[in-house]
Amino acid sequence: MLFTELGLSEPILRAIAEEGYTSPTPIQAKSIPAVLKGGDLLAAAQTGTGKTAGFTLPILQRLSSSKASSGKRLLRALILTPTRELAAQVQESVMTYGKYTGLKSAVIFGGVGANPQIKAIAAGLDILVATPGRLLDLMSQKCVSLDAVEILVLDEADRMLDMGFLRDIKKVLAALPKKRQNLLFSATFSDEIKSLADGLLNAPELIEVARSNSANEAIAQLIHPVDRTKKQALLAHLIKGNNWKQVLVFTRTKHGANKLVTQLEKDGITCMAIHGNKSQTARTKALADFKAGKLTALVATDIAARGIDIDQLPHVVNFDLPNVSEDYVHRIGRTGRAGSNGVAVSLVCVDEHQMLKDIERLIKQKLPQEVIAGFEPDPNAVAQPIQLRSQQHQQSRKPSSQKSGSSNTNSTRGKPPTKRSSPPKKSFSR
């Protein structure tokens, strides 16, 4: 299938073609026609399959083909995302593929000054991309009106629930017109997502292009058993010994991320960390340097790295296994995206054996293990309790204990594809 067969206008097709893309991914091929029909949609697909373009392209089509009834430029589409970086990436997609439509858009999120965002809204917008916290802040200041919104998108809805945004989402919904199109995109169809969809969507079309909680088959997964005290040395050995040029490393905590960066730098490995305690400027710079190849390793916590989208990222390393098994799938989904192959390596010590069992149960497969010479784990090692924030995090996954959250967190899925030399026909990955 080609984009020219999906009912998109010439200005949008021209923008897509300029980026070198002709063929939609499966989620795009299904969701674009569904959104163009005007009905509600509940869509799930593995991360990296192009969900963002699955809603940005048809929204651009719908808004550009019809004018607001008043003739004035009114906010007609609202896209809610859980994190700053993801919001910025979605806005990039809107701007890249809407550049010939005449539509205006802006992005708002916390962690930066509000005045430029307020001015952008006041100048008139068709599309607003926002994190819930900053949107509610500006709504309370009467700086933004949602009275004319025709299309609402909840992107990464599962992560918004994980982060405790349910209350904020309900406040936003209460301010929207009753008659509107609702699009809910998620990595999985969890019970919480189904509950949210039941209360939000009206006879939605259901799209699911991959089994929930499954790992991408394009990703080679491998476990390296190792003692907890030798993890850093093993990671440095893997990076240097295999000449890895670009590796995304996950740690369990912010402190752990900072400590690992210090240790890797001593080993001569260029790296930076991104997590919630880093400023927006620092996170943006770290991600940009990593994408540009200036850093070998980017060390991140789960929330900070949710949705990071890097073309052909070859390696992901779980320095620590995640507290929540589902996050393993999201983590390794940073590689093996849109048809490319990737490798996901996990360094597992005796403390994490139960976590590994939980992950294998979730993904319904036994992961291969390889002991690296010189890093053999002590067979007599005794597991120690892991100092977790997990109890609080896991409770936040339950609807009964969700609480209002801040928008000052991090992620980046949804970036439009970068222009590059390629064959004339290929799959569109965003």
# chains A, B, ... in the order shown; residues from 1 in each chain; ligands from 1
>>> residues_around(residues="Gly39 (chain A)", least_positions_apart="2", cutoff="7 Å", atoms="only C-alpha atoms", output="PDB file with N, CA and C atoms, in the first residue's frame")
ATOM      1  N   VAL A  35      -9.520   7.357  11.155  1.00  0.00           N
ATOM      2  CA  VAL A  35      -9.633   8.729  11.666  1.00  0.00           C
ATOM      3  C   VAL A  35     -10.337   9.626  10.655  1.00  0.00           C
ATOM      4  N   LYS A  37     -12.682   8.906   8.756  1.00  0.00           N
ATOM      5  CA  LYS A  37     -14.132   8.687   8.787  1.00  0.00           C
ATOM      6  C   LYS A  37     -14.825   9.584   9.800  1.00  0.00           C
ATOM      7  N   LEU A  41     -11.714   6.236  17.950  1.00  0.00           N
ATOM      8  CA  LEU A  41     -10.757   5.180  17.653  1.00  0.00           C
ATOM      9  C   LEU A  41     -10.001   4.776  18.911  1.00  0.00           C
ATOM     10  N   GLN A 181     -14.461  14.200  18.179  1.00  0.00           N
ATOM     11  CA  GLN A 181     -13.859  12.915  17.835  1.00  0.00           C
ATOM     12  C   GLN A 181     -12.757  12.607  18.847  1.00  0.00           C
ATOM     13  N   PRO A 204     -16.170   3.048  19.436  1.00  0.00           N
ATOM     14  CA  PRO A 204     -14.907   3.250  18.719  1.00  0.00           C
ATOM     15  C   PRO A 204     -14.568   2.110  17.781  1.00  0.00           C
TER      16      PRO A 204
END
>>> select_by_dssp(residues="region 8-227 of chain A", states="alpha helix (DSSP H)", output="MDAnalysis selection string")
chainID A and resid 10:18 26:37 51:64 84:97 115:122 132:140 157:162 166:174 191:200
>>> closest_residue(among="A:Pro368, A:Pro24, A:Pro314, A:Gly38", to="Gln61 (chain A)", atoms="only C-alpha atoms")
A:Gly38
>>> closest_residue(among="A:Gln91, A:Thr52, A:Gln280, A:Thr101", to="Leu8 (chain A)", atoms="only C-alpha atoms")
A:Thr101
>>> residues_around(residues="Thr281 (chain A)", least_positions_apart="3", cutoff="12 Å", atoms="only C-alpha atoms", output="number ranges by chain")
A: 84-85, 111-113, 274-278, 284-288, 410
>>> decode(residues="region 238-258 of chain A", atoms="N, CA, C and O atoms", output="mmCIF file, in the first residue's frame")
data_model
loop_
_atom_site.group_PDB
_atom_site.id
_atom_site.type_symbol
_atom_site.label_atom_id
_atom_site.label_comp_id
_atom_site.auth_asym_id
_atom_site.auth_seq_id
_atom_site.Cartn_x
_atom_site.Cartn_y
_atom_site.Cartn_z
ATOM 1 N N LEU A 238 31.527 -4.578 27.354
ATOM 2 C CA LEU A 238 30.668 -4.831 26.196
ATOM 3 C C LEU A 238 30.746 -3.691 25.183
ATOM 4 O O LEU A 238 30.839 -3.918 23.975
ATOM 5 N N ILE A 239 30.698 -2.467 25.691
ATOM 6 C CA ILE A 239 30.726 -1.306 24.794
ATOM 7 C C ILE A 239 32.054 -1.227 24.051
ATOM 8 O O ILE A 239 32.096 -1.057 22.825
ATOM 9 N N LYS A 240 33.147 -1.364 24.799
ATOM 10 C CA LYS A 240 34.465 -1.243 24.177
ATOM 11 C C LYS A 240 34.821 -2.487 23.352
ATOM 12 O O LYS A 240 35.299 -2.383 22.218
ATOM 13 N N GLY A 241 34.576 -3.661 23.928
ATOM 14 C CA GLY A 241 34.948 -4.892 23.243
ATOM 15 C C GLY A 241 34.196 -5.130 21.956
ATOM 16 O O GLY A 241 34.731 -5.711 21.004
ATOM 17 N N ASN A 242 32.948 -4.685 21.898
ATOM 18 C CA ASN A 242 32.127 -4.858 20.699
ATOM 19 C C ASN A 242 32.101 -3.616 19.819
ATOM 20 O O ASN A 242 31.413 -3.597 18.795
ATOM 21 N N ASN A 243 32.813 -2.586 20.278
ATOM 22 C CA ASN A 243 32.879 -1.326 19.528
ATOM 23 C C ASN A 243 31.492 -0.741 19.275
ATOM 24 O O ASN A 243 31.185 -0.266 18.180
ATOM 25 N N TRP A 244 30.637 -0.791 20.303
ATOM 26 C CA TRP A 244 29.311 -0.198 20.174
ATOM 27 C C TRP A 244 29.435 1.315 20.056
ATOM 28 O O TRP A 244 30.148 1.953 20.835
ATOM 29 N N LYS A 245 28.717 1.876 19.117
ATOM 30 C CA LYS A 245 28.789 3.321 18.875
ATOM 31 C C LYS A 245 27.609 4.084 19.478
ATOM 32 O O LYS A 245 27.692 5.278 19.723
ATOM 33 N N GLN A 246 26.519 3.384 19.690
ATOM 34 C CA GLN A 246 25.312 4.059 20.195
ATOM 35 C C GLN A 246 24.515 3.070 21.030
ATOM 36 O O GLN A 246 23.978 2.096 20.508
ATOM 37 N N VAL A 247 24.448 3.311 22.337
ATOM 38 C CA VAL A 247 23.745 2.388 23.227
ATOM 39 C C VAL A 247 22.930 3.170 24.246
ATOM 40 O O VAL A 247 23.418 4.101 24.877
ATOM 41 N N LEU A 248 21.672 2.805 24.362
ATOM 42 C CA LEU A 248 20.771 3.410 25.347
ATOM 43 C C LEU A 248 20.743 2.500 26.565
ATOM 44 O O LEU A 248 20.437 1.307 26.444
ATOM 45 N N VAL A 249 21.093 3.035 27.736
ATOM 46 C CA VAL A 249 21.235 2.245 28.950
ATOM 47 C C VAL A 249 20.167 2.657 29.960
ATOM 48 O O VAL A 249 20.001 3.850 30.246
ATOM 49 N N PHE A 250 19.456 1.680 30.512
ATOM 50 C CA PHE A 250 18.421 1.953 31.498
ATOM 51 C C PHE A 250 18.885 1.614 32.903
ATOM 52 O O PHE A 250 19.417 0.522 33.142
ATOM 53 N N THR A 251 18.658 2.545 33.824
ATOM 54 C CA THR A 251 18.898 2.293 35.240
ATOM 55 C C THR A 251 17.580 2.421 35.991
ATOM 56 O O THR A 251 16.613 2.994 35.489
ATOM 57 N N ARG A 252 17.583 1.913 37.211
ATOM 58 C CA ARG A 252 16.359 1.908 37.998
ATOM 59 C C ARG A 252 16.081 3.271 38.643
ATOM 60 O O ARG A 252 14.935 3.643 38.846
ATOM 61 N N THR A 253 17.154 4.008 38.976
ATOM 62 C CA THR A 253 16.981 5.259 39.716
ATOM 63 C C THR A 253 17.789 6.392 39.095
ATOM 64 O O THR A 253 18.732 6.161 38.322
ATOM 65 N N LYS A 254 17.417 7.609 39.460
ATOM 66 C CA LYS A 254 18.161 8.795 39.009
ATOM 67 C C LYS A 254 19.583 8.771 39.551
ATOM 68 O O LYS A 254 20.542 9.071 38.827
ATOM 69 N N HIS A 255 19.712 8.441 40.834
ATOM 70 C CA HIS A 255 21.041 8.367 41.449
ATOM 71 C C HIS A 255 21.901 7.329 40.744
ATOM 72 O O HIS A 255 23.090 7.555 40.479
ATOM 73 N N GLY A 256 21.301 6.188 40.416
ATOM 74 C CA GLY A 256 22.029 5.148 39.706
ATOM 75 C C GLY A 256 22.488 5.603 38.335
ATOM 76 O O GLY A 256 23.587 5.250 37.880
ATOM 77 N N ALA A 257 21.656 6.393 37.655
ATOM 78 C CA ALA A 257 22.022 6.919 36.336
ATOM 79 C C ALA A 257 23.226 7.847 36.447
ATOM 80 O O ALA A 257 24.182 7.746 35.668
ATOM 81 N N ASN A 258 23.188 8.755 37.414
ATOM 82 C CA ASN A 258 24.307 9.693 37.598
ATOM 83 C C ASN A 258 25.598 8.965 37.940
ATOM 84 O O ASN A 258 26.675 9.272 37.423
#
